[in-house]
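Quick look at structure17.txt (compact mmCIF, C-alpha atoms):
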# COMPACT_ATOMS: atom_id res chain seq x y z
CA MET A 87 -53.02 5.68 3.89
CA HIS A 88 -50.64 8.31 5.19
CA SER A 89 -52.10 11.61 6.30
CA LYS A 90 -50.68 14.94 5.28
CA ALA A 91 -49.84 15.61 8.90
CA GLU A 92 -47.73 12.47 9.01
CA ILE A 93 -46.02 13.35 5.73
CA LEU A 94 -45.34 16.83 7.04
CA LYS A 95 -43.61 15.26 10.01
CA TRP A 96 -41.46 13.13 7.67
CA VAL A 97 -40.44 16.09 5.56
CA ILE A 98 -39.56 18.20 8.60
CA GLU A 99 -37.55 15.33 10.05
CA ILE A 100 -35.65 14.87 6.78
CA LEU A 101 -34.80 18.58 6.59
CA ALA A 102 -33.72 18.67 10.23
CA ASN A 103 -31.53 15.55 9.98
CA GLU A 104 -30.08 16.15 6.54
CA PHE A 105 -29.25 19.83 6.92
CA GLY A 106 -29.05 20.38 10.66
CA MET A 107 -32.08 22.65 10.70
CA ASP A 108 -34.03 23.66 13.77
CA THR A 109 -37.52 22.10 13.53
CA ALA A 110 -39.00 25.21 15.11
CA GLN A 111 -38.09 27.07 11.91
CA LEU A 112 -39.80 24.53 9.66
CA ARG A 113 -43.44 25.29 8.92
CA PRO A 114 -45.65 24.33 5.99
CA GLU A 115 -45.27 27.75 4.39
CA THR A 116 -41.47 27.78 4.76
CA ARG A 117 -39.83 28.23 1.35
CA LEU A 118 -37.06 25.74 0.67
CA GLU A 119 -34.78 27.96 -1.35
CA ALA A 120 -35.67 31.45 -0.16
CA ASP A 121 -35.98 30.71 3.56
CA LEU A 122 -33.85 27.60 4.07
CA ASP A 123 -31.14 28.33 1.50
CA LEU A 124 -31.38 24.90 -0.15
CA ASP A 125 -29.25 24.63 -3.27
CA SER A 126 -29.27 22.10 -6.09
CA ILE A 127 -27.03 19.62 -4.24
CA ASP A 128 -29.32 19.82 -1.21
CA ALA A 129 -32.26 19.15 -3.53
CA ILE A 130 -30.63 15.90 -4.60
CA ASP A 131 -30.02 14.86 -1.00
CA MET A 132 -33.57 15.72 0.01
CA ALA A 133 -35.00 13.81 -2.94
CA VAL A 134 -32.89 10.76 -2.05
CA ARG A 135 -34.14 10.78 1.54
CA ILE A 136 -37.76 11.21 0.47
CA GLU A 137 -37.37 8.36 -2.02
CA GLU A 138 -35.86 6.16 0.70
CA LYS A 139 -38.75 6.91 3.01
CA THR A 140 -41.61 6.71 0.54
CA ARG A 141 -40.27 4.37 -2.17
CA LEU A 142 -41.41 6.99 -4.68
CA ALA A 143 -39.21 8.41 -7.44
CA PHE A 144 -39.37 12.11 -8.25
CA SER A 145 -38.42 13.73 -11.56
CA GLY A 146 -36.63 17.00 -12.14
CA GLU A 147 -39.98 18.56 -13.06
CA ASP A 148 -41.46 17.39 -9.76
CA LEU A 149 -38.70 19.07 -7.81
CA ASP A 150 -39.00 22.21 -9.92
CA SER A 151 -42.60 22.52 -8.81
CA ILE A 152 -41.80 22.47 -5.07
CA GLN A 153 -41.35 25.87 -3.46
CA THR A 154 -42.49 25.29 0.11
CA ILE A 155 -42.55 22.44 2.59
CA GLN A 156 -46.30 22.21 2.02
CA ASP A 157 -45.71 21.74 -1.72
CA ALA A 158 -43.46 18.77 -0.94
CA VAL A 159 -46.09 17.30 1.38
CA ASP A 160 -48.84 17.75 -1.23
CA LEU A 161 -46.72 16.12 -3.94
CA ILE A 162 -45.86 13.11 -1.78
CA HIS A 163 -49.45 12.74 -0.60
CA ALA A 164 -50.72 12.81 -4.18
CA ARG A 165 -48.36 10.00 -5.18
CA LEU A 166 -48.80 7.67 -2.21
CA MET B 53 -5.93 63.19 -2.48
CA ASP B 54 -5.89 63.68 -6.24
CA GLY B 55 -5.60 67.07 -7.85
CA PRO B 56 -7.18 67.59 -11.29
CA ILE B 57 -3.98 66.64 -13.14
CA GLU B 58 -3.45 63.49 -11.15
CA ARG B 59 -7.09 62.49 -11.57
CA ARG B 60 -6.91 63.01 -15.31
CA TRP B 61 -3.75 60.91 -15.43
CA ARG B 62 -5.49 58.15 -13.50
CA ILE B 63 -8.41 58.15 -15.88
CA VAL B 64 -6.07 57.94 -18.86
CA ALA B 65 -3.98 55.26 -17.19
CA THR B 66 -7.11 53.30 -16.24
CA GLY B 67 -8.43 53.57 -19.79
CA SER B 68 -5.12 52.34 -21.14
CA ALA B 69 -5.18 49.40 -18.74
CA PHE B 70 -8.69 48.35 -19.83
CA ALA B 71 -7.64 48.73 -23.47
CA LEU B 72 -4.50 46.73 -22.88
CA PHE B 73 -6.45 43.98 -21.19
CA GLY B 74 -8.93 43.82 -24.05
CA ILE B 75 -6.17 43.77 -26.63
CA GLY B 76 -4.50 40.98 -24.69
CA GLY B 77 -7.66 38.92 -24.88
CA LEU B 78 -8.00 39.46 -28.61
CA ALA B 79 -4.30 38.81 -29.22
CA PHE B 80 -4.65 35.53 -27.36
CA ALA B 81 -7.56 34.56 -29.59
CA VAL B 82 -5.84 35.53 -32.83
CA PHE B 83 -2.26 34.45 -32.18
CA ALA B 84 -1.79 32.31 -29.11
CA ALA B 85 -4.82 30.04 -29.13
CA PRO B 86 -4.24 28.63 -32.66
CA ILE B 87 -0.59 27.93 -31.87
CA LEU B 88 -1.43 26.31 -28.55
CA ARG B 89 -3.99 24.06 -30.26
CA ARG B 90 -1.35 22.80 -32.69
CA LEU B 91 1.21 21.88 -30.06
CA SER B 92 1.39 18.22 -29.11
CA GLY B 93 0.06 16.70 -25.95
CA THR B 94 -3.17 15.73 -24.27
CA PRO B 95 -6.00 18.23 -23.80
CA LEU B 96 -4.81 18.59 -20.21
CA ASP B 97 -1.28 19.47 -21.41
CA ARG B 98 -2.74 22.10 -23.73
CA GLU B 99 -4.86 23.59 -20.98
CA ARG B 100 -1.89 23.78 -18.64
CA ARG B 101 0.21 25.48 -21.29
CA ALA B 102 -2.53 28.03 -21.79
CA GLN B 103 -2.79 28.56 -18.04
CA ARG B 104 0.93 29.20 -17.78
CA LEU B 105 0.78 31.70 -20.61
CA ILE B 106 -2.15 33.42 -18.94
CA HIS B 107 -0.14 33.63 -15.72
CA ARG B 108 2.72 35.37 -17.53
CA TRP B 109 0.27 37.76 -19.11
CA PHE B 110 -1.38 38.54 -15.76
CA ARG B 111 2.01 39.15 -14.21
CA ALA B 112 2.96 41.50 -17.02
CA PHE B 113 -0.38 43.28 -16.72
CA MET B 114 -0.02 43.81 -12.96
CA ALA B 115 3.53 45.05 -13.58
CA TYR B 116 2.07 47.59 -16.01
CA MET B 117 -0.54 48.62 -13.45
CA ARG B 118 2.22 49.18 -10.93
CA PHE B 119 4.36 51.03 -13.46
CA VAL B 120 1.64 53.56 -14.32
CA GLY B 121 0.91 54.05 -10.64
CA LEU B 122 -2.52 52.44 -10.55
CA SER B 123 -1.95 49.56 -8.18
CA GLU B 124 0.37 47.50 -6.03
CA ILE B 125 0.06 44.07 -4.43
CA ARG B 126 1.15 42.90 -0.99
CA VAL B 127 0.89 39.23 -0.08
CA ARG B 128 1.18 37.38 3.21
CA GLY B 129 1.58 33.62 3.05
CA VAL B 130 2.37 33.29 -0.64
CA ASP B 131 4.47 30.18 0.10
CA ARG B 132 1.28 28.28 0.79
CA LEU B 133 0.06 29.10 -2.70
CA LEU B 134 3.33 28.13 -4.35
CA ALA B 135 3.90 24.86 -2.48
CA PRO B 136 3.34 21.72 -4.58
CA GLY B 137 -0.36 21.19 -5.20
CA PRO B 138 -3.16 20.48 -5.33
CA HIS B 139 -4.71 23.61 -3.86
CA LEU B 140 -8.39 24.41 -3.48
CA ILE B 141 -8.25 28.18 -3.17
CA VAL B 142 -11.30 30.12 -2.03
CA ALA B 143 -11.24 33.90 -2.13
CA ASN B 144 -13.62 36.77 -1.55
CA HIS B 145 -14.34 38.87 -4.62
CA PRO B 146 -14.32 42.61 -4.03
CA THR B 147 -13.07 43.84 -7.42
CA LEU B 148 -13.01 43.16 -11.15
CA LEU B 149 -9.28 42.44 -10.98
CA ASP B 150 -9.29 39.64 -8.42
CA VAL B 151 -8.66 36.78 -10.86
CA VAL B 152 -5.83 38.74 -12.47
CA VAL B 153 -4.26 39.55 -9.09
CA ILE B 154 -4.38 35.95 -7.84
CA GLY B 155 -3.47 34.59 -11.26
CA SER B 156 -0.39 36.80 -11.37
CA LEU B 157 0.90 35.04 -8.24
CA ILE B 158 0.36 31.39 -9.21
CA PRO B 159 2.17 29.89 -12.25
CA GLN B 160 -0.68 27.60 -13.21
CA LEU B 161 -4.22 28.16 -12.06
CA ASP B 162 -7.62 26.74 -12.85
CA CYS B 163 -10.66 28.81 -12.11
CA VAL B 164 -14.44 28.66 -11.84
CA VAL B 165 -15.64 31.48 -14.06
CA LYS B 166 -19.02 32.98 -14.85
CA ARG B 167 -20.73 31.32 -17.80
CA GLU B 168 -21.01 34.76 -19.46
CA ALA B 169 -17.25 34.75 -20.12
CA TRP B 170 -17.78 32.19 -22.90
CA SER B 171 -19.95 34.74 -24.73
CA ASN B 172 -17.56 37.65 -24.16
CA PRO B 173 -15.41 38.23 -27.29
CA PHE B 174 -12.38 39.36 -25.24
CA MET B 175 -12.47 36.42 -22.88
CA ARG B 176 -13.98 33.52 -24.75
CA SER B 177 -10.81 32.26 -26.33
CA VAL B 178 -8.85 32.54 -23.08
CA VAL B 179 -11.34 30.67 -20.91
CA ALA B 180 -11.78 27.95 -23.53
CA ALA B 181 -8.04 27.37 -24.02
CA ALA B 182 -7.35 27.33 -20.29
CA GLY B 183 -10.16 24.86 -19.66
CA TYR B 184 -11.69 27.05 -16.98
CA ILE B 185 -14.86 25.72 -15.42
CA PRO B 186 -18.15 27.59 -16.06
CA ASN B 187 -20.21 28.22 -12.95
CA ASP B 188 -23.29 26.35 -14.14
CA SER B 189 -24.60 25.33 -10.79
CA GLY B 190 -24.75 22.15 -8.88
CA ASP B 191 -23.53 18.64 -8.86
CA ARG B 192 -21.73 18.65 -12.20
CA LEU B 193 -19.77 21.76 -11.26
CA VAL B 194 -18.56 20.04 -8.11
CA ASP B 195 -17.59 16.93 -10.10
CA ARG B 196 -15.51 19.03 -12.48
CA CYS B 197 -13.81 20.80 -9.60
CA VAL B 198 -13.02 17.48 -7.93
CA GLU B 199 -11.56 16.23 -11.21
CA ARG B 200 -9.22 19.22 -11.35
CA ILE B 201 -8.08 18.67 -7.78
CA GLU B 202 -7.45 15.00 -8.49
CA GLN B 203 -5.29 16.05 -11.44
CA GLY B 204 -3.09 17.86 -8.93
CA GLY B 205 -3.57 21.47 -9.95
CA SER B 206 -4.55 24.69 -8.20
CA LEU B 207 -8.19 25.71 -8.48
CA LEU B 208 -9.62 29.11 -7.57
CA ILE B 209 -13.25 29.39 -6.51
CA PHE B 210 -15.14 32.51 -5.44
CA PRO B 211 -17.84 31.28 -3.05
CA GLU B 212 -19.79 34.49 -3.51
CA GLY B 213 -20.19 33.59 -7.17
CA THR B 214 -20.04 37.23 -8.19
CA ARG B 215 -18.44 40.44 -6.98
CA SER B 216 -19.18 41.41 -3.38
CA PRO B 217 -21.79 44.05 -2.69
CA GLU B 218 -20.11 47.32 -1.75
CA GLY B 219 -18.51 47.20 1.67
CA GLU B 220 -19.66 43.73 2.68
CA LEU B 221 -19.43 40.04 1.93
CA GLY B 222 -22.04 38.52 -0.34
CA PRO B 223 -23.80 35.26 0.53
CA PHE B 224 -21.58 32.18 0.13
CA GLN B 225 -22.46 29.25 -2.10
CA ARG B 226 -21.39 25.81 -0.94
CA GLY B 227 -19.79 24.38 -4.08
CA ALA B 228 -16.26 24.83 -2.74
CA ALA B 229 -17.17 23.04 0.49
CA HIS B 230 -18.73 20.16 -1.48
CA THR B 231 -15.58 19.97 -3.61
CA ALA B 232 -13.51 19.73 -0.41
CA LEU B 233 -15.81 17.03 0.96
CA ARG B 234 -15.76 14.90 -2.18
CA SER B 235 -12.04 15.23 -2.90
CA GLY B 236 -10.73 15.27 0.67
CA GLN B 237 -8.77 18.40 -0.21
CA PRO B 238 -8.74 21.19 2.43
CA LEU B 239 -10.00 24.64 1.54
CA LEU B 240 -7.25 27.26 1.34
CA PRO B 241 -8.80 30.64 2.14
CA VAL B 242 -7.30 33.75 0.56
CA SER B 243 -8.61 37.14 1.57
CA ILE B 244 -8.40 40.06 -0.84
CA ARG B 245 -8.62 43.62 0.36
CA CYS B 246 -8.48 46.56 -2.00
CA ASP B 247 -7.79 49.94 -0.52
CA PRO B 248 -9.30 52.28 -1.56
CA PRO B 249 -12.22 50.07 -2.67
CA THR B 250 -12.56 50.17 -6.43
CA LEU B 251 -13.69 48.24 -9.52
CA MET B 252 -16.62 47.09 -7.45
CA ARG B 253 -19.90 45.81 -8.74
CA GLY B 254 -21.95 48.61 -10.22
CA GLN B 255 -19.12 51.14 -10.48
CA LYS B 256 -18.28 53.02 -13.67
CA TRP B 257 -14.71 52.61 -14.86
CA THR B 258 -14.22 56.37 -14.71
CA ASP B 259 -14.82 56.28 -10.96
CA VAL B 260 -11.07 56.12 -10.51
CA PRO B 261 -9.78 55.98 -6.94
CA PRO B 262 -7.95 59.03 -5.58
CA ARG B 263 -4.75 57.13 -4.99
CA ARG B 264 -2.98 53.92 -5.97
CA MET B 265 -5.04 50.78 -5.31
CA ARG B 266 -3.35 48.60 -2.74
CA PHE B 267 -4.28 44.93 -2.93
CA SER B 268 -3.56 43.16 0.37
CA ILE B 269 -3.71 39.41 -0.04
CA GLU B 270 -3.57 37.08 2.93
CA VAL B 271 -3.41 33.30 2.69
CA GLY B 272 -5.00 31.64 5.70
CA ASP B 273 -4.76 28.25 7.38
CA PRO B 274 -6.29 25.37 5.43
CA ILE B 275 -9.80 24.27 6.48
CA ALA B 276 -9.85 20.49 6.39
CA PRO B 277 -12.97 18.48 5.51
CA PRO B 278 -14.22 16.13 8.26
CA THR B 279 -12.68 12.67 8.46
CA ALA B 280 -14.62 9.72 7.07
CA SER B 281 -15.55 8.62 10.57
CA ALA B 282 -17.28 11.92 11.41
CA ASP B 283 -20.99 11.38 11.73
CA GLU B 284 -22.25 14.28 9.64
CA THR B 285 -24.38 14.45 6.51
CA ARG B 286 -22.79 16.26 3.60
CA GLY B 287 -25.46 18.96 3.87
CA VAL B 288 -24.42 19.68 7.45
CA ALA B 289 -20.69 19.39 6.73
CA ALA B 290 -20.86 21.73 3.73
CA ARG B 291 -22.73 24.32 5.79
CA ARG B 292 -20.28 24.05 8.65
CA MET B 293 -17.21 24.42 6.43
CA THR B 294 -18.77 27.32 4.57
CA ALA B 295 -19.56 29.07 7.87
CA GLU B 296 -15.94 28.60 8.98
CA LEU B 297 -14.79 30.03 5.68
CA ARG B 298 -17.06 33.01 6.06
CA ASP B 299 -15.70 33.60 9.58
CA PHE B 300 -12.18 33.74 8.18
CA PHE B 301 -13.11 36.44 5.69
CA ALA B 302 -15.32 38.39 8.09
CA LYS B 303 -12.49 38.62 10.62
CA ARG B 304 -9.92 39.71 8.10
CA LEU B 305 -12.08 42.10 6.15
CA GLN B 306 -13.89 43.55 9.16
CA TYR B 307 -16.89 44.58 7.16
CA PRO B 308 -19.46 46.21 9.44
CA ALA B 309 -22.34 43.81 8.71
CA VAL B 310 -22.10 40.28 7.38
CA ARG B 311 -25.20 38.86 5.73
CA ALA B 312 -25.85 35.32 6.96
CA ARG B 313 -28.38 34.14 4.38
CA ARG B 314 -28.70 34.12 0.66
CA GLN B 315 -31.09 36.60 -0.90
CA PRO B 316 -34.31 35.25 -2.45
CA ALA B 317 -33.73 34.08 -6.00
CA ALA B 318 -35.49 37.09 -7.55
CA ALA B 319 -32.76 39.40 -6.26
CA LYS B 320 -29.99 37.52 -8.09
CA PRO B 321 -30.06 38.14 -11.85
CA ASP B 322 -27.23 35.67 -12.56
CA ARG B 323 -29.20 32.60 -11.58
CA HIS B 324 -30.27 30.31 -14.38
CA GLU B 325 -33.09 28.55 -12.58
CA ARG B 326 -36.63 29.87 -12.30
CA PRO B 327 -36.89 32.15 -9.28
CA GLY B 328 -38.69 30.80 -6.27
CA CYS B 329 -38.35 27.10 -7.02
CA ILE B 330 -35.70 24.86 -5.63
CA PRO B 331 -33.01 24.39 -8.24
CA ARG B 332 -33.42 21.41 -10.53
CA PRO B 333 -30.58 18.98 -9.86
CA LYS B 334 -28.57 18.39 -13.03
CA SER B 335 -28.70 14.74 -14.08

Could you render the structure from this file as structure tokens?
Amino acid sequence: MHSKAEILKWVIEILANEFGMDTAQLRPETRLEADLDLDSIDAIDMAVRIEEKTRLAFSGEDLDSIQTIQDAVDLIHARL
Amino acid sequence: MDGPIERRWRIVATGSAFALFGIGGLAFAVFAAPILRRLSGTPLDRERRAQRLIHRWFRAFMAYMRFVGLSEIRVRGVDRLLAPGPHLIVANHPTLLDVVVIGSLIPQLDCVVKREAWSNPFMRSVVAAAGYIPNDSGDRLVDRCVERIEQGGSLLIFPEGTRSPEGELGPFQRGAAHTALRSGQPLLPVSIRCDPPTLMRGQKWTDVPPRRMRFSIEVGDPIAPPTASADETRGVAARRMTAELRDFFAKRLQYPAVRARRQPAAAKPDRHERPGCIPRPKS
């Protein structure tokens, strides 16, 4: 069973690798669109990486519900 | 500076220009569009014919603007725009006239246009006949832009997505960079300066400038997408190309402060997605 801390690490790693972000800027309360400037193409890329890592599929509604990094962690944790 | 007579003339001339533009749009809908639809050829042929007609109209309109003393255009590097295509043109967007100014220079031009144009009675027929691309966000928009580039035409994109805030550059969206990445076509930056600044977002049309508007257009060096061997994700590459693009404009426009990030979604009324959430990718 994966802990939320571990999932948080995954998500931060994906954001850092996929978008060249500085991990120091990535905290649970960081907002994906407002703070990190993720757009809809980035959302696709992020979803693909998360799906590769977790073998989970996420719907459009799922992604709509994610505002912060913590939201992404919670969603993944709930599905695993 | 304007005296009262000159200012009154400018207001009249400006009013006539708006009226003329509106009439042009309606005339296109009533006369030109039906004829264009009946001419033979593929949908692409019909769109290109419409685009060429629109170019002639834009040229005539800018000639009128010059004739009544409202504006003039100076261009550096126009050869780059007129060389055989395709061209992926990215421009800043200081005024209401930018599409008309650029369109008056290029015989056949595709454009990414705000979705609202399809609801505007003066513009709807024109944008539909020309096959312009609505700026519904995301992946599908990029696919349509790539398709246009692969057809060999010239495509104009405003990365700011809307007119610049007064005196500065707005935040840049990355659709143009993604189009460059997917198609392999370099970005061709075109800076637009309008002096004195006018027809900006939020201005009333009666806020006429005190003297003739001078549009200074400069075509820059192409910004090439990374080669296939470059070890960069598309998220990183799109950000890097967009930053380079922004640098080009910032240097040429010399605005005092350049905003590096996008505003939170709530501050942008044109967005279609719910504010605060990451945008839903279009399937």

Practice item. Tell me the residues of chain A close to chain B, meaning within 6 Å using only C-alpha atoms, as an MDAnalysis selection string. Key: chainID A and resid 104:106 119:120 126:127 146 150 153

Which residues of range 154-179 of chain B sit at most 10 Å from range 120-136 of chain B, using all atoms listed in the file? Give each one's shortest atom pair and distance in Å (one decimal place), in chain and ascending residue order, as CSV.
residue,atom,partner,partner_atom,distance
B:Ile154,CA,B:Leu133,CA,9.6
B:Leu157,CA,B:Val130,CA,7.9
B:Ile158,CA,B:Leu134,CA,6.6
B:Pro159,CA,B:Leu134,CA,8.2
B:Gln160,CA,B:Leu134,CA,9.7

Practice item. Could you tell me how far CA of Arg298 in chain B lies from CA of Val142 in chain B, in Å and to one decimal? Key: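 If I compute the distance from CA of Arg298 in chain B to CA of Val142 in chain B, I get 10.3 Å.
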
Skip range 231-241 of chain B itself and residues of its chain fewer than 4 positions away, then list as a short mmCIF file (atom, residue, chain, number, x, y, z; two decimals) with C-alpha atoms, in the coordinates of the input all residues within 6 Å of it, counting only C-alpha atoms.
data_model
loop_
_atom_site.label_atom_id
_atom_site.label_comp_id
_atom_site.auth_asym_id
_atom_site.auth_seq_id
_atom_site.Cartn_x
_atom_site.Cartn_y
_atom_site.Cartn_z
CA LEU B 140 -8.39 24.41 -3.48
CA ILE B 141 -8.25 28.18 -3.17
CA VAL B 142 -11.30 30.12 -2.03
CA ALA B 143 -11.24 33.90 -2.13
CA VAL B 194 -18.56 20.04 -8.11
CA VAL B 198 -13.02 17.48 -7.93
CA GLY B 272 -5.00 31.64 5.70
CA PRO B 274 -6.29 25.37 5.43
CA ILE B 275 -9.80 24.27 6.48
CA ALA B 276 -9.85 20.49 6.39
CA PRO B 277 -12.97 18.48 5.51
#

Could you give me, as a JSON list (two decimals) with C-alpha atoms, in the frame of the given file, the residues within 12 Å of Arg165 in chain A, counting all atoms listed in the file and dropping anything in the same chain fewer than 6 positions from it?
[["chain", "number", "residue", "atom", "x", "y", "z"],
["A", 87, "MET", "CA", -53.02, 5.68, 3.89],
["A", 88, "HIS", "CA", -50.64, 8.31, 5.19],
["A", 90, "LYS", "CA", -50.68, 14.94, 5.28],
["A", 93, "ILE", "CA", -46.02, 13.35, 5.73],
["A", 137, "GLU", "CA", -37.37, 8.36, -2.02],
["A", 140, "THR", "CA", -41.61, 6.71, 0.54],
["A", 141, "ARG", "CA", -40.27, 4.37, -2.17],
["A", 142, "LEU", "CA", -41.41, 6.99, -4.68],
["A", 143, "ALA", "CA", -39.21, 8.41, -7.44],
["A", 144, "PHE", "CA", -39.37, 12.11, -8.25],
["A", 148, "ASP", "CA", -41.46, 17.39, -9.76],
["A", 158, "ALA", "CA", -43.46, 18.77, -0.94],
["A", 159, "VAL", "CA", -46.09, 17.30, 1.38]]

Exercise for review: Can you work out the spacing between CA of Ile63 in chain B and CA of Arg108 in chain B in Å, to one decimal?
Suggested key: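 Between CA of Ile63 in chain B and CA of Arg108 in chain B the gap works out to 25.4 Å.
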
**Study point:** Shell around Lys139 in chain A at 12 Å using only C-alpha atoms, local window under 4 positions removed, as a VMD selection string
**Key:** chain A and resid 93 95 to 97 99 to 100 132 to 135 143 162 166

Study note, to complete from the structure: Using only C-alpha atoms, the best pick from A:Thr154, A:Asp121, A:Gln111, A:Leu161 as closest to Ile136 in chain A would be A:Leu161

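Compared by their closest atoms to Gln306 in chain B, and using only C-alpha atoms, the residues B:Ser243, B:Thr147, B:Ser177, B:Thr94 rank with B:Ser243 nearest.
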
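One finds CA of Leu193 in chain B at 23.0 Å from CA of Ser151 in chain A.
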
The centre and edge lengths of an axis-aligned box containing all atoms of range 88-95 of chain A present in the file, extended by 3 Å on each side, are to be given in Å to one decimal, as lines of an AutoDock Vina configuration file.
center_x = -47.9
center_y = 12.6
center_z = 7.6
size_x = 14.5
size_y = 14.5
size_z = 10.8

**Study point:** Closest of B:Ala69, B:Val242, B:Leu88, B:Ala182 to His145 in chain B - atom-to-atom distances counting only C-alpha atoms
**Key:**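 The shortest atom-to-atom distance to His145 in chain B comes from B:Val242.
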
Point to revise | Polymer residues at most 12 Å from Gly55 in chain B, only C-alpha atoms, same-chain spacing of 4 or more positions, as a ChimeraX atom specification | key: /B:59-62,261-263

File of the preceding selection, C-alpha atoms, as a PDB file, in the frame of the given file:
ATOM      1  CA  ARG B  59      -7.090  62.490 -11.570  1.00  0.00           C
ATOM      2  CA  ARG B  60      -6.910  63.010 -15.310  1.00  0.00           C
ATOM      3  CA  TRP B  61      -3.750  60.910 -15.430  1.00  0.00           C
ATOM      4  CA  ARG B  62      -5.490  58.150 -13.500  1.00  0.00           C
ATOM      5  CA  PRO B 261      -9.780  55.980  -6.940  1.00  0.00           C
ATOM      6  CA  PRO B 262      -7.950  59.030  -5.580  1.00  0.00           C
ATOM      7  CA  ARG B 263      -4.750  57.130  -4.990  1.00  0.00           C
TER       8      ARG B 263
END

Check your understanding: Which of these, B:Gln203, B:Phe224, B:Ala302, B:Val164, has the shortest distance to Asp125 in chain A once you count all atoms listed in the file?
Key ->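 Counting all atoms listed in the file, the residue closest to Asp125 in chain A is B:Phe224.
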
Check your understanding: Could you name the residues that touch Ser216 in chain B at 8 Å or less, counting all atoms listed in the file, but leaving out those on the same chain fewer than 5 positions away, as a VMD selection string?
Key -> chain B and resid 144 to 147 221 to 222 252 to 253
